[in-house]
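Undergrad: Sharing start.pdb below, PDB, C-alpha atoms:
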```pdb
ATOM      1  CA  MET A   1      49.382 -59.031 -21.262
ATOM      2  CA  ASN A   2      47.127 -61.216 -19.212
ATOM      3  CA  PRO A   3      46.343 -59.494 -15.928
ATOM      4  CA  THR A   4      45.490 -61.906 -13.168
ATOM      5  CA  PHE A   5      43.418 -61.321 -10.090
ATOM      6  CA  HIS A   6      45.304 -62.130  -6.978
ATOM      7  CA  LEU A   7      45.617 -60.963  -3.456
ATOM      8  CA  PRO A   8      49.058 -59.419  -3.134
ATOM      9  CA  THR A   9      51.030 -62.075  -1.350
ATOM     10  CA  PRO A  10      52.191 -60.901   2.039
ATOM     11  CA  PRO A  11      55.946 -60.959   2.385
ATOM     12  CA  GLY A  12      55.836 -62.924   5.622
ATOM     13  CA  ALA A  13      53.945 -63.667   8.781
ATOM     14  CA  GLY A  14      53.753 -59.969   9.577
ATOM     15  CA  GLY A  15      52.179 -59.259   6.216
ATOM     16  CA  ARG A  16      49.671 -62.030   6.745
ATOM     17  CA  VAL A  17      48.691 -60.621  10.125
ATOM     18  CA  ALA A  18      48.295 -57.134   8.675
ATOM     19  CA  HIS A  19      46.198 -58.533   5.853
ATOM     20  CA  ASP A  20      43.958 -60.422   8.292
ATOM     21  CA  ALA A  21      43.592 -57.280  10.374
ATOM     22  CA  LEU A  22      42.549 -55.372   7.267
ATOM     23  CA  GLU A  23      39.939 -57.987   6.452
ATOM     24  CA  ALA A  24      38.650 -57.905  10.004
ATOM     25  CA  ARG A  25      38.378 -54.107   9.967
ATOM     26  CA  PHE A  26      36.473 -54.191   6.734
ATOM     27  CA  GLY A  27      34.207 -56.940   8.041
ATOM     28  CA  ARG A  28      33.467 -55.065  11.237
ATOM     29  CA  ARG A  29      32.713 -51.883   9.342
ATOM     30  CA  LEU A  30      30.195 -53.688   7.155
ATOM     31  CA  ALA A  31      28.711 -55.324  10.233
ATOM     32  CA  ALA A  32      28.273 -51.905  11.835
ATOM     33  CA  ARG A  33      26.365 -50.769   8.761
ATOM     34  CA  LEU A  34      24.200 -53.863   8.923
ATOM     35  CA  THR A  35      23.469 -53.147  12.581
ATOM     36  CA  GLU A  36      22.262 -49.655  11.645
ATOM     37  CA  GLY A  37      19.944 -51.257   9.117
ATOM     38  CA  SER A  38      18.626 -53.894  11.487
ATOM     39  CA  GLU A  39      17.704 -51.277  14.079
ATOM     40  CA  ALA A  40      15.301 -49.697  11.621
ATOM     41  CA  LEU A  41      13.056 -52.686  11.041
ATOM     42  CA  PRO A  42       9.398 -52.069  10.178
ATOM     43  CA  HIS A  43       7.122 -51.718  13.192
ATOM     44  CA  ASP A  44       5.117 -54.874  12.536
ATOM     45  CA  ILE A  45       8.242 -56.996  12.370
ATOM     46  CA  SER A  46       9.601 -55.474  15.567
ATOM     47  CA  GLU A  47       6.287 -56.216  17.250
ATOM     48  CA  ARG A  48       6.259 -59.814  16.067
ATOM     49  CA  LEU A  49       9.802 -60.249  17.326
ATOM     50  CA  ARG A  50       8.804 -58.780  20.679
ATOM     51  CA  PHE A  51       5.841 -61.167  20.858
ATOM     52  CA  ALA A  52       8.098 -64.104  19.993
ATOM     53  CA  ARG A  53      10.551 -63.051  22.708
ATOM     54  CA  GLU A  54       7.809 -62.796  25.312
ATOM     55  CA  GLN A  55       6.510 -66.229  24.390
ATOM     56  CA  ALA A  56       9.983 -67.675  24.754
ATOM     57  CA  LEU A  57      10.403 -66.030  28.137
ATOM     58  CA  GLU A  58       7.058 -67.445  29.274
ATOM     59  CA  ARG A  59       8.285 -70.900  28.331
ATOM     60  CA  ALA A  60      11.507 -70.379  30.231
ATOM     61  CA  ARG A  61       9.591 -69.265  33.325
ATOM     62  CA  ALA A  62       7.234 -72.223  33.075
ATOM     63  CA  SER A  63      10.074 -74.711  32.776
ATOM     64  CA  ALA A  64      11.922 -73.085  35.688
ATOM     65  CA  VAL A  65       9.037 -73.597  38.172
ATOM     66  CA  PRO A  66       9.167 -77.119  39.698
ATOM     67  CA  PRO A  67       5.853 -79.026  39.608
ATOM     68  CA  ALA A  68       3.852 -78.399  42.797
ATOM     69  CA  VAL A  69       3.207 -81.410  45.090
ATOM     70  CA  PRO A  70      -0.224 -81.288  46.799
ATOM     71  CA  ALA A  71       0.093 -81.294  50.588
ATOM     72  CA  ALA A  72      -2.458 -84.099  50.931
ATOM     73  CA  ALA A  73      -0.427 -86.339  48.659
ATOM     74  CA  ALA A  74       2.661 -85.934  50.781
ATOM     75  CA  GLY A  75       1.361 -88.469  53.322
ATOM     76  CA  PRO A  76       2.488 -88.882  56.917
ATOM     77  CA  SER A  77       5.980 -87.761  57.558
ATOM     78  CA  ARG A  78       7.331 -88.833  60.887
ATOM     79  CA  GLY A  79      10.736 -89.763  62.138
ATOM     80  CA  GLY A  80      13.718 -90.404  59.920
ATOM     81  CA  GLY A  81      11.802 -92.321  57.238
ATOM     82  CA  GLY A  82      10.218 -89.277  55.698
ATOM     83  CA  THR A  83       7.501 -89.038  53.110
ATOM     84  CA  GLY A  84       9.198 -91.371  50.663
ATOM     85  CA  PHE A  85       9.255 -94.285  53.076
ATOM     86  CA  TRP A  86       5.557 -94.015  53.917
ATOM     87  CA  TRP A  87       4.659 -93.670  50.246
ATOM     88  CA  ARG A  88       6.627 -96.789  49.407
ATOM     89  CA  LEU A  89       5.069 -98.662  52.313
ATOM     90  CA  ALA A  90       1.564 -97.614  51.316
ATOM     91  CA  SER A  91       2.169 -98.726  47.760
ATOM     92  CA  VAL A  92       3.456-102.220  48.652
ATOM     93  CA  LEU A  93       0.919-102.878  51.438
ATOM     94  CA  PRO A  94      -1.921-104.106  49.174
ATOM     95  CA  GLY A  95       0.463-106.558  47.529
ATOM     96  CA  ILE A  96       1.619-107.894  50.884
ATOM     97  CA  MET A  97      -1.978-108.316  52.047
ATOM     98  CA  LEU A  98      -2.926-110.170  48.870
ATOM     99  CA  VAL A  99      -0.052-112.644  49.216
ATOM    100  CA  ALA A 100      -0.835-113.173  52.927
ATOM    101  CA  GLY A 101      -4.496-113.879  52.085
ATOM    102  CA  LEU A 102      -3.562-116.445  49.436
ATOM    103  CA  VAL A 103      -1.201-118.218  51.844
ATOM    104  CA  LEU A 104      -3.937-118.311  54.523
ATOM    105  CA  ILE A 105      -6.485-119.798  52.114
ATOM    106  CA  GLU A 106      -3.953-122.437  51.016
ATOM    107  CA  MET A 107      -3.251-123.401  54.637
ATOM    108  CA  GLN A 108      -6.969-123.674  55.441
ATOM    109  CA  HIS A 109      -7.505-125.874  52.395
ATOM    110  CA  ASP A 110      -4.640-128.184  53.420
ATOM    111  CA  ASP A 111      -6.068-128.437  56.940
ATOM    112  CA  GLU A 112      -9.486-129.357  55.588
ATOM    113  CA  VAL A 113      -8.099-132.067  53.316
ATOM    114  CA  THR A 114      -6.056-133.502  56.163
ATOM    115  CA  ARG A 115      -9.024-133.453  58.533
ATOM    116  CA  THR A 116     -11.290-135.231  56.020
ATOM    117  CA  ALA A 117      -8.671-137.909  55.380
ATOM    118  CA  ALA A 118      -8.250-138.393  59.129
ATOM    119  CA  ASP A 119     -12.019-138.799  59.596
ATOM    120  CA  ILE A 120     -12.175-141.431  56.877
ATOM    121  CA  ASP A 121      -9.206-143.276  58.338
ATOM    122  CA  ALA A 122     -10.731-143.117  61.824
ATOM    123  CA  ALA A 123     -14.074-144.444  60.540
ATOM    124  CA  LEU A 124     -12.366-147.300  58.747
ATOM    125  CA  LEU A 125     -10.214-148.249  61.660
ATOM    126  CA  SER A 126     -13.028-148.070  64.181
ATOM    127  CA  ASP A 127     -15.388-150.175  62.031
ATOM    128  CA  ASP A 128     -15.933-153.897  62.756
ATOM    129  CA  LEU A 129     -15.016-154.681  59.211
ATOM    130  CA  PRO A 130     -11.237-154.737  58.676
ATOM    131  CA  PRO A 131      -9.987-152.371  55.938
ATOM    132  CA  THR A 132      -8.426-155.250  54.034
ATOM    133  CA  ALA A 133     -11.931-156.601  53.408
ATOM    134  CA  TYR A 134     -12.431-153.860  50.825
ATOM    135  CA  THR A 135      -9.644-155.380  48.745
ATOM    136  CA  ASP A 136     -11.343-158.753  48.639
ATOM    137  CA  PRO A 137     -13.124-159.309  45.268
ATOM    138  CA  GLY A 138     -15.837-161.453  46.825
ATOM    139  CA  PHE A 139     -16.724-158.784  49.370
ATOM    140  CA  ALA A 140     -16.740-156.156  46.646
ATOM    141  CA  GLU A 141     -19.153-158.330  44.646
ATOM    142  CA  TYR A 142     -21.320-158.678  47.771
ATOM    143  CA  LEU A 143     -21.434-154.922  48.238
ATOM    144  CA  LYS A 144     -22.388-154.401  44.623
ATOM    145  CA  ASP A 145     -25.214-156.946  44.813
ATOM    146  CA  SER A 146     -26.576-155.640  48.080
ATOM    147  CA  GLY A 147     -26.403-152.066  46.799
ATOM    148  CA  SER A 148     -28.388-152.864  43.698
TER
ATOM    149  CA  MET B   1      21.949 -70.437  35.129
ATOM    150  CA  ALA B   2      20.797 -67.391  33.148
ATOM    151  CA  SER B   3      18.338 -65.239  35.036
ATOM    152  CA  ASP B   4      15.067 -64.135  33.506
ATOM    153  CA  LYS B   5      16.507 -60.687  32.859
ATOM    154  CA  GLU B   6      19.694 -62.061  31.303
ATOM    155  CA  LEU B   7      17.681 -64.251  28.942
ATOM    156  CA  SER B   8      15.364 -61.374  28.115
ATOM    157  CA  ASP B   9      18.262 -58.994  27.451
ATOM    158  CA  PHE B  10      20.022 -61.575  25.329
ATOM    159  CA  LEU B  11      16.971 -62.249  23.177
ATOM    160  CA  LYS B  12      16.241 -58.561  22.856
ATOM    161  CA  GLY B  13      19.779 -57.886  21.740
ATOM    162  CA  VAL B  14      19.951 -60.680  19.223
ATOM    163  CA  GLU B  15      16.458 -60.858  17.758
ATOM    164  CA  LYS B  16      16.813 -58.244  15.020
ATOM    165  CA  ARG B  17      20.143 -59.516  13.776
ATOM    166  CA  ALA B  18      18.766 -63.050  13.882
ATOM    167  CA  PHE B  19      15.795 -61.975  11.817
ATOM    168  CA  LYS B  20      17.946 -60.231   9.206
ATOM    169  CA  ARG B  21      20.342 -63.159   9.001
ATOM    170  CA  THR B  22      17.452 -65.542   8.474
ATOM    171  CA  VAL B  23      15.911 -63.310   5.834
ATOM    172  CA  TYR B  24      19.211 -63.383   3.949
ATOM    173  CA  ALA B  25      19.028 -67.168   3.993
ATOM    174  CA  VAL B  26      15.363 -67.869   3.314
ATOM    175  CA  ARG B  27      14.423 -64.599   1.548
ATOM    176  CA  ASP B  28      10.985 -64.550   3.124
ATOM    177  CA  ASP B  29      10.054 -62.273   6.039
ATOM    178  CA  ASP B  30       7.267 -64.454   7.403
ATOM    179  CA  ALA B  31       9.321 -67.615   7.243
ATOM    180  CA  ALA B  32      12.226 -65.795   8.903
ATOM    181  CA  LEU B  33       9.983 -64.600  11.727
ATOM    182  CA  ASP B  34       8.696 -68.137  12.275
ATOM    183  CA  ILE B  35      12.226 -69.526  12.334
ATOM    184  CA  VAL B  36      13.447 -66.898  14.796
ATOM    185  CA  GLN B  37      10.431 -67.436  17.040
ATOM    186  CA  ASP B  38      10.918 -71.188  16.932
ATOM    187  CA  SER B  39      14.608 -70.765  17.789
ATOM    188  CA  MET B  40      13.856 -68.463  20.708
ATOM    189  CA  ILE B  41      11.337 -70.902  22.125
ATOM    190  CA  ARG B  42      13.701 -73.830  21.692
ATOM    191  CA  LEU B  43      16.429 -71.924  23.491
ATOM    192  CA  ALA B  44      14.113 -70.940  26.336
ATOM    193  CA  ASP B  45      12.608 -74.411  26.581
ATOM    194  CA  LYS B  46      15.767 -76.450  26.643
ATOM    195  CA  TYR B  47      18.661 -74.210  27.588
ATOM    196  CA  ALA B  48      17.283 -71.555  29.942
ATOM    197  CA  ASP B  49      19.175 -73.272  32.750
ATOM    198  CA  ARG B  50      22.539 -72.701  31.038
ATOM    199  CA  PRO B  51      24.841 -69.844  32.045
ATOM    200  CA  ALA B  52      24.209 -66.558  30.228
ATOM    201  CA  ALA B  53      27.644 -66.716  28.594
ATOM    202  CA  GLU B  54      26.664 -69.885  26.719
ATOM    203  CA  LEU B  55      23.475 -68.458  25.239
ATOM    204  CA  PRO B  56      24.946 -66.714  22.140
ATOM    205  CA  LEU B  57      26.608 -69.828  20.779
ATOM    206  CA  LEU B  58      23.658 -72.047  21.630
ATOM    207  CA  PHE B  59      21.245 -69.657  19.973
ATOM    208  CA  GLN B  60      23.310 -69.379  16.804
ATOM    209  CA  ARG B  61      23.439 -73.147  16.590
ATOM    210  CA  ILE B  62      19.708 -73.483  17.133
ATOM    211  CA  LEU B  63      18.985 -70.774  14.572
ATOM    212  CA  SER B  64      21.204 -72.442  11.982
ATOM    213  CA  ASN B  65      19.517 -75.782  12.591
ATOM    214  CA  ALA B  66      16.060 -74.239  12.431
ATOM    215  CA  THR B  67      16.945 -72.592   9.135
ATOM    216  CA  MET B  68      18.191 -75.890   7.754
ATOM    217  CA  ASP B  69      15.004 -77.579   8.931
ATOM    218  CA  TRP B  70      13.025 -74.961   7.040
ATOM    219  CA  PHE B  71      14.983 -75.667   3.879
ATOM    220  CA  ARG B  72      14.378 -79.364   4.306
ATOM    221  CA  ARG B  73      10.692 -78.777   4.723
ATOM    222  CA  GLN B  74      10.658 -76.646   1.626
ATOM    223  CA  LYS B  75      12.287 -79.473  -0.311
ATOM    224  CA  VAL B  76      14.922 -77.231  -1.782
ATOM    225  CA  ARG B  77      17.790 -79.440  -0.798
ATOM    226  CA  ASN B  78      19.356 -79.119  -4.187
ATOM    227  CA  ALA B  79      19.418 -75.355  -3.961
ATOM    228  CA  VAL B  80      20.942 -75.513  -0.506
ATOM    229  CA  VAL B  81      23.625 -77.926  -1.591
ATOM    230  CA  ARG B  82      24.408 -75.751  -4.560
ATOM    231  CA  ASN B  83      24.668 -72.632  -2.421
ATOM    232  CA  PHE B  84      26.644 -74.404   0.235
ATOM    233  CA  SER B  85      29.328 -75.560  -2.149
ATOM    234  CA  ASP B  86      31.818 -72.766  -2.133
ATOM    235  CA  PHE B  87      34.227 -74.177  -4.606
ATOM    236  CA  GLU B  88      34.741 -71.175  -6.747
ATOM    237  CA  SER B  89      36.322 -71.115 -10.125
ATOM    238  CA  SER B  90      38.607 -68.425 -11.436
ATOM    239  CA  ASP B  91      37.579 -64.930 -10.563
ATOM    240  CA  PRO B  92      35.868 -62.820 -13.205
ATOM    241  CA  ASP B  93      37.430 -59.525 -12.136
ATOM    242  CA  GLU B  94      40.923 -60.462 -12.925
ATOM    243  CA  ASP B  95      42.507 -57.067 -12.793
ATOM    244  CA  PHE B  96      40.850 -56.023  -9.562
ATOM    245  CA  ASP B  97      43.231 -54.940  -6.839
ATOM    246  CA  LEU B  98      41.647 -56.306  -3.705
ATOM    247  CA  LEU B  99      44.138 -54.908  -1.258
ATOM    248  CA  GLU B 100      43.575 -51.436  -2.593
ATOM    249  CA  ALA B 101      39.819 -51.851  -2.239
ATOM    250  CA  LEU B 102      40.117 -53.165   1.292
ATOM    251  CA  GLU B 103      42.421 -50.394   2.345
ATOM    252  CA  ALA B 104      40.161 -47.774   0.831
ATOM    253  CA  ALA B 105      37.130 -49.261   2.512
ATOM    254  CA  ALA B 106      38.839 -49.588   5.863
ATOM    255  CA  ARG B 107      39.961 -45.986   6.079
ATOM    256  CA  PRO B 108      38.568 -44.085   9.040
ATOM    257  CA  ALA B 109      35.084 -42.710   8.707
ATOM    258  CA  ALA B 110      36.403 -39.149   8.582
ATOM    259  CA  ALA B 111      37.813 -39.835   5.148
ATOM    260  CA  GLU B 112      34.466 -40.822   3.752
ATOM    261  CA  GLY B 113      31.368 -38.867   3.081
ATOM    262  CA  ALA B 114      31.886 -35.574   1.337
ATOM    263  CA  GLU B 115      32.983 -36.918  -1.985
ATOM    264  CA  HIS B 116      30.317 -39.620  -1.937
ATOM    265  CA  SER B 117      26.927 -38.636  -3.201
ATOM    266  CA  VAL B 118      25.296 -41.922  -2.267
ATOM    267  CA  ALA B 119      22.930 -41.528   0.622
ATOM    268  CA  ARG B 120      23.409 -43.554   3.771
ATOM    269  CA  ALA B 121      20.301 -45.616   3.147
ATOM    270  CA  GLN B 122      21.414 -46.421  -0.361
ATOM    271  CA  ILE B 123      24.772 -47.601   0.942
ATOM    272  CA  LEU B 124      23.027 -49.858   3.384
ATOM    273  CA  THR B 125      20.754 -51.219   0.680
ATOM    274  CA  ALA B 126      23.769 -51.932  -1.507
ATOM    275  CA  ILE B 127      25.598 -53.677   1.338
ATOM    276  CA  GLU B 128      22.559 -55.758   2.237
ATOM    277  CA  ALA B 129      22.067 -56.755  -1.379
ATOM    278  CA  GLU B 130      25.676 -57.893  -1.668
ATOM    279  CA  VAL B 131      25.552 -59.757   1.627
ATOM    280  CA  ALA B 132      22.390 -61.502   0.474
ATOM    281  CA  ARG B 133      24.161 -62.449  -2.743
ATOM    282  CA  LEU B 134      26.998 -64.272  -0.975
ATOM    283  CA  PRO B 135      26.970 -68.071  -0.983
ATOM    284  CA  ASP B 136      25.206 -69.307   2.144
ATOM    285  CA  ARG B 137      28.220 -70.675   3.967
ATOM    286  CA  GLN B 138      30.283 -67.580   3.279
ATOM    287  CA  ARG B 139      27.466 -65.341   4.426
ATOM    288  CA  GLU B 140      26.886 -67.393   7.557
ATOM    289  CA  ALA B 141      30.564 -67.330   8.461
ATOM    290  CA  PHE B 142      30.866 -63.615   7.736
ATOM    291  CA  LEU B 143      27.790 -62.683   9.792
ATOM    292  CA  LEU B 144      28.611 -64.928  12.733
ATOM    293  CA  ARG B 145      32.197 -63.744  12.812
ATOM    294  CA  TYR B 146      31.751 -60.013  12.328
ATOM    295  CA  TRP B 147      28.111 -59.283  13.108
ATOM    296  CA  GLU B 148      27.540 -61.682  15.988
ATOM    297  CA  GLU B 149      31.173 -61.137  17.030
ATOM    298  CA  LEU B 150      31.887 -64.809  17.660
ATOM    299  CA  ASP B 151      35.524 -65.810  17.492
ATOM    300  CA  VAL B 152      36.797 -68.282  14.911
ATOM    301  CA  ALA B 153      36.423 -71.301  17.190
ATOM    302  CA  GLU B 154      32.888 -70.359  18.188
ATOM    303  CA  THR B 155      31.915 -69.707  14.593
ATOM    304  CA  ALA B 156      33.297 -73.095  13.603
ATOM    305  CA  GLN B 157      31.304 -74.722  16.390
ATOM    306  CA  ALA B 158      28.118 -72.907  15.402
ATOM    307  CA  MET B 159      28.561 -73.861  11.752
ATOM    308  CA  GLY B 160      29.739 -77.388  12.430
ATOM    309  CA  CYS B 161      32.938 -77.037  10.421
ATOM    310  CA  SER B 162      36.652 -76.550  10.987
ATOM    311  CA  GLU B 163      38.288 -73.288  12.002
ATOM    312  CA  GLY B 164      40.207 -73.323   8.735
ATOM    313  CA  SER B 165      36.946 -73.428   6.804
ATOM    314  CA  VAL B 166      35.632 -70.478   8.789
ATOM    315  CA  LYS B 167      38.727 -68.440   7.959
ATOM    316  CA  THR B 168      38.423 -69.349   4.307
ATOM    317  CA  HIS B 169      34.716 -68.528   4.162
ATOM    318  CA  CYS B 170      35.224 -65.220   5.960
ATOM    319  CA  SER B 171      38.125 -64.211   3.766
ATOM    320  CA  ARG B 172      36.253 -65.047   0.583
ATOM    321  CA  ALA B 173      33.177 -63.197   1.818
ATOM    322  CA  VAL B 174      35.170 -60.071   2.654
ATOM    323  CA  HIS B 175      36.916 -60.162  -0.704
ATOM    324  CA  SER B 176      33.655 -60.652  -2.587
ATOM    325  CA  LEU B 177      31.963 -57.825  -0.712
ATOM    326  CA  ALA B 178      34.886 -55.464  -1.164
ATOM    327  CA  ARG B 179      35.014 -56.214  -4.857
ATOM    328  CA  ALA B 180      31.254 -55.893  -5.390
ATOM    329  CA  LEU B 181      30.940 -52.687  -3.394
ATOM    330  CA  LYS B 182      33.896 -51.123  -5.145
ATOM    331  CA  ALA B 183      32.317 -51.990  -8.474
ATOM    332  CA  LYS B 184      29.182 -50.154  -7.351
ATOM    333  CA  GLY B 185      31.210 -47.219  -6.122
ATOM    334  CA  VAL B 186      30.052 -47.822  -2.579
ATOM    335  CA  GLN B 187      32.426 -47.199   0.291
ATOM    336  CA  PRO B 188      31.064 -48.577   3.515
TER
END
```
What do you get writing this file as structure tokens?

TA:
Amino acid sequence: MNPTFHLPTPPGAGGRVAHDALEARFGRRLAARLTEGSEALPHDISERLRFAREQALERARASAVPPAVPAAAAGPSRGGGGTGFWWRLASVLPGIMLVAGLVLIEMQHDDEVTRTAADIDAALLSDDLPPTAYTDPGFAEYLKDSGS
Amino acid sequence: MASDKELSDFLKGVEKRAFKRTVYAVRDDDAALDIVQDSMIRLADKYADRPAAELPLLFQRILSNATMDWFRRQKVRNAVVRNFSDFESSDPDEDFDLLEALEAAARPAAAEGAEHSVARAQILTAIEAEVARLPDRQREAFLLRYWEELDVAETAQAMGCSEGSVKTHCSRAVHSLARALKAKGVQP
């Protein structure tokens, strides 16, 4: 005879349910025993667990508090724009001023170049010597000789 | 969102079971305390804003992950894999009547006691030893299902496996425990 280990096969769905219920009852009974055992942990372990719990709770409290915004950093808050608008304006203002300054310098430079060119043209046109004389090679040679 | 008191009560209620469960897995009190503390802090740090009803499942998941991380750090992956594979061969106790053992063990408490000379503490020690001896996945499923009182779906979610696997693990664990305790003459 070769005895075999097997769970007696339930005759049907009802048997299966009863079998599961039996397993669950057994499991819960063992769990109840384990609970009794876990309640009687050594004092030092209970204390370390309590310390760990308190640390975790401190973390939870710290993460629950929103970061404080200093009143001075809030900036002027007037009308419908609110603090955000003024902060954005204050942050882009230096950039705007820099670009405006560069444009102004560029315009002044252009004006200066134009004015210098106009002065030269005016001097040439008002001179007794016609401007075309400067394109004459003989006159250029004369200027070179007299200069040296 | 769980209030401070709800979180505190939850942690207080679960901490000892969490510690024991972790000790079963890592077999080291100090390591188990570190893992439980780490899990509590992770829960409080990241999930304190979740409703109180979600905390048990989240915590079990975090604890399982923290335990696995510990095993990884200890470089005992091979041992974990071995313990986690629950493919069991033929049973050694071939003539053992499981149903009889289960029925005997599940009788009401009034039926126990007088005829048993084993002290309560010894019974507990025997039960804890047998629980610790279970393969990891079986033990995890058994403890989550019956000790943490999660349902099958929640246990499956916490363990990252199917509900069918949970049922199989739980059933095997109960059978193994019933068989081992009967062999020791222990009636829980």

Undergrad: Of the candidates B:Met1, B:Val23, B:Arg42, B:Arg145, which one gets nearest to Glu163 (chain B) if we count all atoms listed in the file?

TA: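 Closest residue, counting all atoms listed in the file: B:Arg145.
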
Undergrad: Write out as number ranges by chain every residue belonging to chain A that has an atom at most 12 Å from any atom of chain B, counting only C-alpha atoms.

TA: A: 1-10, 15, 18-65

Undergrad: For the residues in that selection, give me C-alpha atoms as an mmCIF file, keeping the file's coordinate frame.

TA:
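Contents of the output file result28.cif:
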```
data_model
loop_
_atom_site.group_PDB
_atom_site.id
_atom_site.type_symbol
_atom_site.label_atom_id
_atom_site.label_comp_id
_atom_site.auth_asym_id
_atom_site.auth_seq_id
_atom_site.Cartn_x
_atom_site.Cartn_y
_atom_site.Cartn_z
ATOM 1 C CA MET A 1 49.382 -59.031 -21.262
ATOM 2 C CA ASN A 2 47.127 -61.216 -19.212
ATOM 3 C CA PRO A 3 46.343 -59.494 -15.928
ATOM 4 C CA THR A 4 45.490 -61.906 -13.168
ATOM 5 C CA PHE A 5 43.418 -61.321 -10.090
ATOM 6 C CA HIS A 6 45.304 -62.130 -6.978
ATOM 7 C CA LEU A 7 45.617 -60.963 -3.456
ATOM 8 C CA PRO A 8 49.058 -59.419 -3.134
ATOM 9 C CA THR A 9 51.030 -62.075 -1.350
ATOM 10 C CA PRO A 10 52.191 -60.901 2.039
ATOM 11 C CA GLY A 15 52.179 -59.259 6.216
ATOM 12 C CA ALA A 18 48.295 -57.134 8.675
ATOM 13 C CA HIS A 19 46.198 -58.533 5.853
ATOM 14 C CA ASP A 20 43.958 -60.422 8.292
ATOM 15 C CA ALA A 21 43.592 -57.280 10.374
ATOM 16 C CA LEU A 22 42.549 -55.372 7.267
ATOM 17 C CA GLU A 23 39.939 -57.987 6.452
ATOM 18 C CA ALA A 24 38.650 -57.905 10.004
ATOM 19 C CA ARG A 25 38.378 -54.107 9.967
ATOM 20 C CA PHE A 26 36.473 -54.191 6.734
ATOM 21 C CA GLY A 27 34.207 -56.940 8.041
ATOM 22 C CA ARG A 28 33.467 -55.065 11.237
ATOM 23 C CA ARG A 29 32.713 -51.883 9.342
ATOM 24 C CA LEU A 30 30.195 -53.688 7.155
ATOM 25 C CA ALA A 31 28.711 -55.324 10.233
ATOM 26 C CA ALA A 32 28.273 -51.905 11.835
ATOM 27 C CA ARG A 33 26.365 -50.769 8.761
ATOM 28 C CA LEU A 34 24.200 -53.863 8.923
ATOM 29 C CA THR A 35 23.469 -53.147 12.581
ATOM 30 C CA GLU A 36 22.262 -49.655 11.645
ATOM 31 C CA GLY A 37 19.944 -51.257 9.117
ATOM 32 C CA SER A 38 18.626 -53.894 11.487
ATOM 33 C CA GLU A 39 17.704 -51.277 14.079
ATOM 34 C CA ALA A 40 15.301 -49.697 11.621
ATOM 35 C CA LEU A 41 13.056 -52.686 11.041
ATOM 36 C CA PRO A 42 9.398 -52.069 10.178
ATOM 37 C CA HIS A 43 7.122 -51.718 13.192
ATOM 38 C CA ASP A 44 5.117 -54.874 12.536
ATOM 39 C CA ILE A 45 8.242 -56.996 12.370
ATOM 40 C CA SER A 46 9.601 -55.474 15.567
ATOM 41 C CA GLU A 47 6.287 -56.216 17.250
ATOM 42 C CA ARG A 48 6.259 -59.814 16.067
ATOM 43 C CA LEU A 49 9.802 -60.249 17.326
ATOM 44 C CA ARG A 50 8.804 -58.780 20.679
ATOM 45 C CA PHE A 51 5.841 -61.167 20.858
ATOM 46 C CA ALA A 52 8.098 -64.104 19.993
ATOM 47 C CA ARG A 53 10.551 -63.051 22.708
ATOM 48 C CA GLU A 54 7.809 -62.796 25.312
ATOM 49 C CA GLN A 55 6.510 -66.229 24.390
ATOM 50 C CA ALA A 56 9.983 -67.675 24.754
ATOM 51 C CA LEU A 57 10.403 -66.030 28.137
ATOM 52 C CA GLU A 58 7.058 -67.445 29.274
ATOM 53 C CA ARG A 59 8.285 -70.900 28.331
ATOM 54 C CA ALA A 60 11.507 -70.379 30.231
ATOM 55 C CA ARG A 61 9.591 -69.265 33.325
ATOM 56 C CA ALA A 62 7.234 -72.223 33.075
ATOM 57 C CA SER A 63 10.074 -74.711 32.776
ATOM 58 C CA ALA A 64 11.922 -73.085 35.688
ATOM 59 C CA VAL A 65 9.037 -73.597 38.172
#
```

Undergrad: Measure the distance from CA of Phe85 (chain A) to CA of Val103 (chain A) in Å and round it to one decimal.

TA: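 Here the two named atoms are 26.1 Å from each other.
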
Undergrad: State, in Å with one decimal place, the distance from CA of Ala52 (chain B) to CA of Ala153 (chain B).

TA: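 Between CA of Ala52 (chain B) and CA of Ala153 (chain B) the gap works out to 18.5 Å.
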
Undergrad: What separation in Å, quoted to one decimal, exists between CA of Val152 (chain B) and CA of Asp136 (chain B)?

TA: 17.3 Å

Undergrad: When you count all atoms listed in the file, which of these residues is closest to Arg50 (chain B): B:Met159, B:Ala126, B:Leu181, B:Ala2?

TA: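 Nearest to Arg50 (chain B): B:Ala2.
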
Undergrad: Check which residues satisfy the PyMOL selection byres ((chain B and resi 157) around 12) in the file shown, then give them as a ChimeraX atom specification.

TA: /B:56-62,64,141,144-145,150-156,158-166

Undergrad: Can those selected residues be exported to a file as a short mmCIF file (atom, residue, chain, number, x, y, z; two decimals), in the coordinates of the input so that it contains C-alpha atoms?

TA:
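Written out: result_31.cif:
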```
data_model
loop_
_atom_site.label_atom_id
_atom_site.label_comp_id
_atom_site.auth_asym_id
_atom_site.auth_seq_id
_atom_site.Cartn_x
_atom_site.Cartn_y
_atom_site.Cartn_z
CA PRO B 56 24.95 -66.71 22.14
CA LEU B 57 26.61 -69.83 20.78
CA LEU B 58 23.66 -72.05 21.63
CA PHE B 59 21.24 -69.66 19.97
CA GLN B 60 23.31 -69.38 16.80
CA ARG B 61 23.44 -73.15 16.59
CA ILE B 62 19.71 -73.48 17.13
CA SER B 64 21.20 -72.44 11.98
CA ALA B 141 30.56 -67.33 8.46
CA LEU B 144 28.61 -64.93 12.73
CA ARG B 145 32.20 -63.74 12.81
CA LEU B 150 31.89 -64.81 17.66
CA ASP B 151 35.52 -65.81 17.49
CA VAL B 152 36.80 -68.28 14.91
CA ALA B 153 36.42 -71.30 17.19
CA GLU B 154 32.89 -70.36 18.19
CA THR B 155 31.92 -69.71 14.59
CA ALA B 156 33.30 -73.10 13.60
CA ALA B 158 28.12 -72.91 15.40
CA MET B 159 28.56 -73.86 11.75
CA GLY B 160 29.74 -77.39 12.43
CA CYS B 161 32.94 -77.04 10.42
CA SER B 162 36.65 -76.55 10.99
CA GLU B 163 38.29 -73.29 12.00
CA GLY B 164 40.21 -73.32 8.74
CA SER B 165 36.95 -73.43 6.80
CA VAL B 166 35.63 -70.48 8.79
#
```
